[in-house]
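Heads up: the structure comes next, in structure tokens.
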Amino acid sequence: MKENILIIGGGAAGMEAATQLQKLGLNPIIVEKSEALGGHIAQWDRLFPAFHPAKDVVDQMLEQVKDVKTYLNTEVTDIQKDNNGFHAVLSNNETIDAKAVILATGFDIFKAERKQEYGYGIYNNVMTSVELEKFFRTGKDARINNPKKIGFVHCVGARDVKVCNTYCSKVCCTTALKQACEIKEVFPEAEVYTFYMDLRMFGPGYEDLYLKTQKDFDVKCVRGRVCEVSEDMDGRLVIKAEDTLFGKPLKMTLDVLVLMCSMEKNKSIDAIQQKLGVANNSDGFMQNKDMYLGMNDTKQDGVFVAGACTAPKSLPDTVGEARSVAVEVFNYINNK
Amino acid sequence: MNQYIFHPFVLPFVLGMAFVLTYCVVGLFRVICLLPKDDRKQFWRSLVTPKTAWANIRDLFGDCLFHVKIWKRNPILGYMHSAIAFGWFMIIVIGHVMLFTLKPLEGVEVEGFARTFTNFYYPIFYKHFATETPVFAFLMDFFLLMIISGILIAVVKKIYSKIVGVKRVTKFGFADNMVRFALWTIFPFRLIAEKSNIMAFWWLYSIDLMIFMCLLPFTRYMHIPTEALFILLRHAGLKPREPRKGYALAQIYSCPSCGLCIDACPMSVNDKMSGNTSAYFMKKLRNADDKEAKRIAETCMQCGKCVAVCPLSIESCDIKMTQREATPYIINSDHSYLEDRHFDRPQGAEKSPSVLYFAGCMTQLTPKIMRAMKQIMEAAGENYEFMDKDGGICCGRPMLLSGKTAEAQAMIAKNTEIIKQSRAKKLVLSCPICYKVFKEENHLEGIEIQHHTQYIDELIKNGKLKVNKGEVNYVYHDPCELGRAFGVYDEPREVIENVGNLKKAKSEKELSICCGGSLGSFNLTQQERDEITENSVNDLMFNNPEQIVTACPLCLKTFARKSPVAVKDIAEVVVENI
Amino acid sequence: MDFGFCLSPSSHVKMDSIDLTTFNRLKETNPDVNTCIACGSCTATCTAGNFTEMSFRRLLLMLQRGKEDEAKKMIQRCMLCGKCTLVCPRGINIRKILLDITR
């Protein structure tokens, strides 16, 4: 009989791990709290750096897991471990016995209201990167009304002691440039500015995207952190930042301001995580056993982690970890 | 000399007494001489002004002998203090009254200096020399036992302070411990000596008194004689001007290091930070440890809670400010660029606004407050204008807090000028930090100054603003500079009760705990501030409110980092319920 | 003798010979001066910066490049309002650093 492997979370990491485990002859079971598989990536329109439609990738992944036993709209409410493995109770009162557990619970988006000085939820024309992505997908957003000037603020909720997140969220820089190009595609006449501190173009093709942003899309990158946003008489946004390369504070009127919200640890899993005995690291994400060779392991025997639940990660990072976790679990089951 | 009126064991006492009296008289002259001339004049005048003279008498008895303030805060500690102080006082008074009734003195010829000398110690040791009448015997025993009962409580408190409701107590040095031990044993020795008449105990009793009095000036017990002087100076309406001179000196020696401020101080979230509290500050000043005194003065958040709980009302915050002013600056500020600033009357506005709204630096970072204020003033149909829409001039409070008074005055004067140019009747502020300055420093006669809590309360009361009562449970945090500084406690609470349910925090009003974001402190690190904030949030969450409401942009931002529930300004909460 | 031109002083920051006394002294009492990422939040929000050249970000750089006189001149403009400390994403106690420089 095939051994059960419980995968909590049906996003990119969960789906990819399930696919690989199935190929390795194990029986993965996905428990997903929302109504569909796909996670955050399914909410995305196109992916950096090549503007590839996210739907393509998600559809391929869904196709591969179509035979995997999946619970939707379901959460794990309790989990116990004994000599026979793990026993999980689901919110639909079913129970699952599994030999190993993979936590693939991903991330939450930083709540932009927490940076009150950026005016999200106060001024009409301040939106988050997630909402902009939805606009690209659906073409609808009341705030985007043929804007003439658009600004992007990097590091919202990241690298910021004042919101208790000191880490870099890794993917926002590239996403901002991608979105800046895309909005320019929709409104070629608009002026687009990004306010960055460091542009972290860490992956293959990312620097090319940066170049393209400047050359083909005429996006203006200003080095300085936006620190205050207010509204003028006409309801347009007035931002304050320092142009640190020019060495002068600047003020600018914008029609739309996009906040590049960081990734935060998905806290809805905290109770189960505690029952499994998996701790958090100093950034509030899950602590894996070792940064280099044990990134999928936790201190708890039989509990594995994959994807953005341990740190902010891009899609390729996540898929890579999902594949490696499958091998780790396979070895764990066979060596028992 | 006759053996009935003298024995060598009185000598240690006489020595100690002579020393402490000399010390106190010299100290008294020093304090009064070091007062600035105007202050000294004010002091003499206050002694003969009937109103202050009456207050002096009332407080000398109420505070020094009966310790009314401690009774109110903690009856056990109140009894402990008044039993020892009042009991001792009565023993001395009755002892001296008895001088005239004691039998053996009549038969002995003691005149002139010898007579005075005898009177000096006789009431202290009379039982060895004479017998008193039964009424006096009863009174003396009664008060002696009263003192001993007070001392018993003191011993228990020392061993287990939580019994009397005190968590953290002041840590003392050798001299303090010696004097305390002497104080504890003086009266039990006296009781034994009186009842048994064993010479050894008379000696112990006398030596104890000597230790107590000789070490007194170098310990916290100096507060016993100094407090009286401090009460007189306080009622004269003086302000401390230098950290270790004049009035401040009297306050320093009046601090009994009781440690009530240690538990009260928001910084006492851990042992290390509790060393920053006022009790230790006073101790450092007393020991002339300027370096440490300076450090503590600059770490203090100036929330004023230590002053609020101090049984002697020692103005430690003001003394810390004088300590800050005493630090020299090598760079002089130049704010001449402010000169050509003026009130920008908006185009088309013919009339002067009736309300001028000054958001302040901090409120610029909390646009929700500004927007809510705008909506409230619109809803109330007020004729208003923003004073610092396009960036204003700092109110000057941070400069004052840094001890740069002259520089602050330049900004204060400019703001006063701008406000007068607007010809508004009323100035409304959102930031309690600004409110304090505009109330105390700016000369704005004829212009009503309100914090927005008071303003909103007024709008609701006079019917200009209609609000609905919602179902949300709120808890209100008193910002230090609105609550403790100006006693604005009721207006915000009335406003909140108009729009929802008000839950109580664990510590409220004058006991409210600073949010930890205070501009008052220079030294606290982000991490230390976070600990203070967490403690303050826990206190507010005592009755599980659904939202925390405050009335200060700085408190709002500080709490928002650590609060498990939404944190809002009172103006936002009102707007949600218009 | 007139050559028709003159030697002007080099505009380089002479990193080999700069005087870092003030900065090093600051570093002792405020280790967080090293954590600045030069984001410019302090400058953008500065109350005095609204009217003058005041910029804490540049002031810190001036000290790191040995331009102490320029830094001390700039600091005169500061109103000490503390907004910079409030917005600093690194949690640097800017007001304390400014005060430490002035004393």
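Residues in the structure tokens are named by chain (A, B, ... in the order shown) and by number from 1 within that chain; ligands are numbered from 1 in the order shown.
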Next on the checklist: Within 12 Å of chain A, which residues belong to chain B? Use only C-alpha atoms and report them as number ranges by chain.
Outcome noted: B: 361-372, 389-391, 517, 525-527, 529-530, 553, 556-563, 566-568, 572
Show me, as CSV, the residues of chain A having an atom within 6 Å of chain C, each with the closest atom pair and its distance in Å, using only C-alpha atoms.
```
residue,atom,partner,partner_atom,distance
A:Asp160,CA,C:Pro89,CA,4.3
A:Val161,CA,C:Pro89,CA,5.3
A:Lys162,CA,C:Pro89,CA,6.0
A:Met197,CA,C:Cys39,CA,5.7
A:Gly224,CA,C:Cys39,CA,5.0
A:Arg225,CA,C:Cys39,CA,5.3
A:Cys227,CA,C:Ser41,CA,5.4
A:Lys240,CA,C:Ala44,CA,5.8
A:Ala241,CA,C:Ala44,CA,4.7
A:Glu242,CA,C:Ala44,CA,4.8
A:Thr244,CA,C:Gly40,CA,6.0
A:Pro249,CA,C:Ala44,CA,5.1
```
Go ahead and dump the residues you just picked, N, CA and C atoms, as a tab-separated table (two decimals), in the first residue's frame.
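After the write, again.tsv holds the following:
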```tsv
chain	number	residue	atom	x	y	z
A	160	ASP	N	11.90	47.27	7.11
A	160	ASP	CA	11.33	48.38	7.86
A	160	ASP	C	11.09	47.96	9.32
A	161	VAL	N	11.96	48.45	10.19
A	161	VAL	CA	11.83	48.14	11.62
A	161	VAL	C	10.49	48.61	12.16
A	162	LYS	N	9.99	49.69	11.59
A	162	LYS	CA	8.79	50.32	12.15
A	162	LYS	C	7.55	49.45	11.98
A	197	MET	N	15.13	51.82	-3.24
A	197	MET	CA	16.37	52.08	-2.49
A	197	MET	C	17.52	51.29	-3.07
A	224	GLY	N	15.01	56.70	-3.73
A	224	GLY	CA	14.57	57.36	-2.50
A	224	GLY	C	13.27	56.74	-2.03
A	225	ARG	N	13.10	56.75	-0.73
A	225	ARG	CA	11.92	56.10	-0.17
A	225	ARG	C	10.83	57.14	0.03
A	227	CYS	N	8.03	58.90	1.84
A	227	CYS	CA	7.80	58.87	3.28
A	227	CYS	C	6.46	59.46	3.68
A	240	LYS	N	5.93	62.76	-0.98
A	240	LYS	CA	7.21	63.36	-0.61
A	240	LYS	C	8.24	62.25	-0.53
A	241	ALA	N	9.39	62.51	-1.12
A	241	ALA	CA	10.50	61.56	-1.02
A	241	ALA	C	11.77	62.37	-1.18
A	242	GLU	N	12.91	61.76	-0.91
A	242	GLU	CA	14.13	62.45	-1.26
A	242	GLU	C	14.69	61.79	-2.51
A	244	THR	N	17.62	60.83	-3.62
A	244	THR	CA	18.89	60.76	-2.90
A	244	THR	C	20.08	60.91	-3.83
A	249	PRO	N	15.10	66.90	-1.51
A	249	PRO	CA	13.77	66.34	-1.32
A	249	PRO	C	12.89	66.69	-2.51
```
Checklist entry - Can you list, as a list in words, every residue of stretch 321-498 of chain B that DSSP puts in strand (DSSP E or B)? => result Val355, Leu356, Tyr357, Phe358, Tyr384, Glu385, Phe386, Lys426, Leu427, Val428, Leu429, Glu448, Ile449, Gln450, His451, Asn473, Tyr474, Val475 and Tyr476 of chain B
Checklist entry - atom CA of B:Gly150 to atom CA of B:Met80: how many Å, to one decimal? => result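 Computing the Euclidean distance for atom CA of B:Gly150 and atom CA of B:Met80 yields 4.3 Å.
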Using only C-alpha atoms, which residues of chain B come within 7 Å of chain C, and what is the closest atom pair for each, with the distance in Å to one decimal? Give it as a Markdown table, sorted by chain and residue number.
```
| residue | atom | partner | partner_atom | distance |
| --- | --- | --- | --- | --- |
| B:Pro328 | CA | C:Arg103 | CA | 6.3 |
| B:Tyr329 | CA | C:Arg103 | CA | 4.6 |
| B:Ile330 | CA | C:Arg103 | CA | 5.3 |
| B:Ile331 | CA | C:Thr102 | CA | 5.1 |
| B:Asn332 | CA | C:Gln76 | CA | 6.2 |
| B:Ser333 | CA | C:Gln76 | CA | 4.1 |
| B:Asp334 | CA | C:Gln76 | CA | 5.1 |
| B:His335 | CA | C:Arg77 | CA | 5.9 |
| B:Cys361 | CA | C:Lys83 | CA | 6.7 |
| B:Met362 | CA | C:Lys83 | CA | 6.5 |
| B:Gly391 | CA | C:Thr47 | CA | 6.9 |
| B:Ile393 | CA | C:Thr47 | CA | 6.9 |
| B:Cys394 | CA | C:Cys81 | CA | 6.2 |
| B:Pro398 | CA | C:Cys81 | CA | 5.4 |
| B:Met399 | CA | C:Leu80 | CA | 5.9 |
| B:Phe522 | CA | C:Lys96 | CA | 5.2 |
| B:Asn523 | CA | C:Lys96 | CA | 6.6 |
| B:Gln526 | CA | C:Gly91 | CA | 6.3 |
```
Checklist entry - Leaving out stretch 14-28 of chain C and any residue of its chain fewer than 5 positions from it, which residues lie within 9 Å of it when counting only C-alpha atoms, given as a ChimeraX atom specification? => result /C:33-34,60,63-68,97,100-101
Checklist entry - Smallest atom-to-atom distance to B:Val14: which of B:Phe542, B:Phe187, B:Phe117, B:Phe181, using only C-alpha atoms? => result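 Using only C-alpha atoms, B:Val14 sits closest to B:Phe117.
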So that I can see what lies close to A:Asp218, please list as a PDB file with C-alpha atoms, in the first residue's frame the residues with an atom at most 12 Å from it, counting only C-alpha atoms and leaving out residues fewer than 3 positions away in the same chain.
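As written to disk, part26.pdb reads:
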```pdb
ATOM      1  CA  LEU A 177       9.514  46.879 -12.790  1.00  0.00           C
ATOM      2  CA  ALA A 180       5.648  49.458 -14.409  1.00  0.00           C
ATOM      3  CA  CYS A 181       6.175  48.143 -17.936  1.00  0.00           C
ATOM      4  CA  GLU A 182       2.712  46.641 -18.031  1.00  0.00           C
ATOM      5  CA  ILE A 183       0.941  49.811 -16.937  1.00  0.00           C
ATOM      6  CA  LYS A 184       2.930  51.668 -19.526  1.00  0.00           C
ATOM      7  CA  GLU A 185       1.647  49.176 -22.091  1.00  0.00           C
ATOM      8  CA  PRO A 188       1.512  54.554 -23.183  1.00  0.00           C
ATOM      9  CA  GLU A 189       1.116  58.292 -22.556  1.00  0.00           C
ATOM     10  CA  ALA A 190       1.452  58.005 -18.798  1.00  0.00           C
ATOM     11  CA  GLU A 191       4.610  58.849 -16.900  1.00  0.00           C
ATOM     12  CA  VAL A 192       5.689  56.037 -14.618  1.00  0.00           C
ATOM     13  CA  TYR A 193       8.028  56.443 -11.647  1.00  0.00           C
ATOM     14  CA  THR A 194       9.373  53.871  -9.265  1.00  0.00           C
ATOM     15  CA  TYR A 210      15.539  46.415 -15.799  1.00  0.00           C
ATOM     16  CA  LEU A 211      17.195  47.502 -19.003  1.00  0.00           C
ATOM     17  CA  LYS A 212      13.994  47.044 -20.950  1.00  0.00           C
ATOM     18  CA  THR A 213      12.110  49.071 -18.354  1.00  0.00           C
ATOM     19  CA  GLN A 214      14.410  52.007 -18.946  1.00  0.00           C
ATOM     20  CA  LYS A 215      14.976  51.646 -22.689  1.00  0.00           C
ATOM     21  CA  CYS A 221      13.572  55.065 -11.417  1.00  0.00           C
TER      22      CYS A 221
END
```
Checklist entry - Using the chain letters and numbers from this document, which residues of stretch 140-358 of chain B does DSSP assign to alpha helix (DSSP H), as a ChimeraX atom specification? => result /B:140-159,174-196,199-215,223-235,246-254,260-264,271-274,278-286,290-299,305-309,316-325
Please produce a file of those selected residues containing C-alpha atoms, as a short mmCIF file (atom, residue, chain, number, x, y, z; two decimals), in the first residue's frame.
```cif
data_model
loop_
_atom_site.label_atom_id
_atom_site.label_comp_id
_atom_site.auth_asym_id
_atom_site.auth_seq_id
_atom_site.Cartn_x
_atom_site.Cartn_y
_atom_site.Cartn_z
CA MET B 140 4.52 57.58 76.38
CA ASP B 141 4.07 53.81 76.29
CA PHE B 142 1.20 54.12 73.87
CA PHE B 143 3.17 56.16 71.35
CA LEU B 144 6.26 54.03 71.79
CA LEU B 145 4.25 50.92 70.96
CA MET B 146 2.71 52.75 68.03
CA ILE B 147 6.18 53.41 66.62
CA ILE B 148 7.20 49.80 67.16
CA SER B 149 4.10 48.59 65.32
CA GLY B 150 5.12 50.80 62.40
CA ILE B 151 8.62 49.39 62.49
CA LEU B 152 7.27 45.85 62.47
CA ILE B 153 5.50 46.63 59.18
CA ALA B 154 8.73 48.11 57.84
CA VAL B 155 10.60 44.91 58.69
CA VAL B 156 7.95 42.77 56.99
CA LYS B 157 8.00 45.08 53.97
CA LYS B 158 11.73 44.72 53.70
CA ILE B 159 11.58 40.95 53.82
CA PHE B 174 25.79 50.68 53.05
CA ALA B 175 24.97 53.96 54.82
CA ASP B 176 21.27 53.64 54.02
CA ASN B 177 21.19 50.11 55.35
CA MET B 178 23.05 51.13 58.53
CA VAL B 179 20.64 53.95 59.22
CA ARG B 180 17.66 51.75 58.53
CA PHE B 181 18.96 49.14 60.94
CA ALA B 182 19.54 51.83 63.54
CA LEU B 183 16.04 53.18 63.02
CA TRP B 184 14.54 49.73 63.43
CA THR B 185 16.35 49.09 66.71
CA ILE B 186 16.17 52.49 68.42
CA PHE B 187 12.69 52.02 69.79
CA PRO B 188 12.82 48.36 70.76
CA PHE B 189 16.03 49.19 72.73
CA ARG B 190 14.30 52.11 74.37
CA LEU B 191 11.36 49.93 75.34
CA ILE B 192 13.63 47.29 76.86
CA ALA B 193 15.79 49.91 78.57
CA GLU B 194 12.78 51.66 80.05
CA LYS B 195 11.19 48.47 81.30
CA SER B 196 14.33 46.76 82.63
CA MET B 199 22.56 49.92 81.45
CA ALA B 200 23.62 48.05 78.31
CA PHE B 201 20.31 48.82 76.63
CA TRP B 202 20.48 52.51 77.53
CA TRP B 203 23.90 52.55 75.90
CA LEU B 204 22.63 50.71 72.83
CA TYR B 205 19.69 53.06 72.61
CA SER B 206 21.89 56.11 72.78
CA ILE B 207 24.46 54.76 70.32
CA ASP B 208 21.69 53.85 67.89
CA LEU B 209 20.44 57.40 68.04
CA MET B 210 23.95 58.63 67.38
CA ILE B 211 24.41 56.38 64.35
CA PHE B 212 21.03 57.43 63.04
CA MET B 213 21.71 61.12 63.38
CA CYS B 214 25.32 61.14 62.27
CA LEU B 215 24.61 59.18 59.10
CA HIS B 223 13.99 63.55 53.77
CA ILE B 224 12.64 63.70 57.32
CA PRO B 225 14.01 67.15 58.13
CA THR B 226 14.13 68.42 54.53
CA GLU B 227 10.53 67.71 53.66
CA ALA B 228 9.30 70.57 55.82
CA LEU B 229 11.48 73.06 53.96
CA PHE B 230 10.43 71.59 50.63
CA ILE B 231 6.76 72.07 51.48
CA LEU B 232 7.35 75.72 52.25
CA LEU B 233 9.30 76.27 49.03
CA ARG B 234 6.71 74.47 46.98
CA HIS B 235 3.89 76.55 48.32
CA GLY B 246 18.37 75.99 45.66
CA TYR B 247 14.89 74.61 45.31
CA ALA B 248 16.10 71.54 43.40
CA LEU B 249 18.51 70.79 46.27
CA ALA B 250 15.65 70.84 48.74
CA GLN B 251 13.72 68.45 46.50
CA ILE B 252 16.69 66.14 46.10
CA TYR B 253 17.07 65.78 49.86
CA SER B 254 13.32 65.44 50.32
CA LEU B 260 6.80 54.26 44.53
CA CYS B 261 7.96 55.81 41.28
CA ILE B 262 9.84 52.64 40.36
CA ASP B 263 6.71 50.55 39.99
CA ALA B 264 4.95 53.47 38.36
CA ASP B 271 15.47 45.32 35.98
CA LYS B 272 17.98 47.15 33.83
CA MET B 273 15.59 49.86 32.75
CA SER B 274 14.09 50.28 36.22
CA SER B 278 13.31 59.04 39.37
CA ALA B 279 14.22 57.50 42.74
CA TYR B 280 17.64 56.61 41.32
CA PHE B 281 17.94 59.94 39.54
CA MET B 282 17.52 61.77 42.85
CA LYS B 283 20.01 59.44 44.47
CA LYS B 284 22.59 60.14 41.77
CA LEU B 285 22.09 63.87 42.23
CA ARG B 286 22.44 63.51 45.99
CA ASP B 290 26.66 63.97 37.43
CA LYS B 291 27.42 61.51 34.67
CA GLU B 292 24.71 59.07 35.71
CA ALA B 293 22.27 61.87 36.56
CA LYS B 294 22.73 63.24 33.06
CA ARG B 295 22.20 59.83 31.52
CA ILE B 296 19.00 59.22 33.44
CA ALA B 297 17.74 62.76 32.74
CA GLU B 298 18.17 62.12 29.05
CA THR B 299 16.68 58.64 29.10
CA LYS B 305 3.88 59.55 36.12
CA CYS B 306 6.55 59.57 38.81
CA VAL B 307 5.46 63.07 39.78
CA ALA B 308 1.83 61.98 39.81
CA VAL B 309 2.47 59.10 42.21
CA SER B 316 11.59 65.10 39.24
CA CYS B 317 10.62 65.77 35.61
CA ASP B 318 11.37 69.48 35.99
CA ILE B 319 14.67 68.75 37.69
CA LYS B 320 15.59 66.44 34.83
CA MET B 321 14.84 69.28 32.45
CA THR B 322 17.20 71.58 34.36
CA GLN B 323 19.81 68.84 34.13
CA ARG B 324 19.34 68.77 30.36
CA GLU B 325 19.60 72.54 30.16
#
```
Next on the checklist: Need the shell around A:Lys178: protein/DNA/RNA residues with any atom at most 8 Å away, counting only C-alpha atoms. Skip same-chain ones fewer than 5 positions apart. Format as an NGL selection string?
Outcome noted: :A and (48-49 or 51 or 209 or 213)
Next on the checklist: One decimal, in Å: what's the spacing between atom CA of A:Met201 and atom CA of A:Ala176?
Outcome noted: 11.1 Å
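Between A:Ile96 and the candidates A:Phe217, A:Tyr292, A:Tyr71, A:Phe195, the tightest atom-to-atom separation, counting only C-alpha atoms, involves A:Tyr71.
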Checklist entry - Counting only C-alpha atoms, what is within 8 Å of stretch 470-481 of chain B, bar same-chain residues fewer than 4 positions away, as a ChimeraX atom specification? => result /B:303-304,432-433,435-436,485-486,489,492-493,496,499-505,508-509,512,514-515,540-541,545-552,555,577
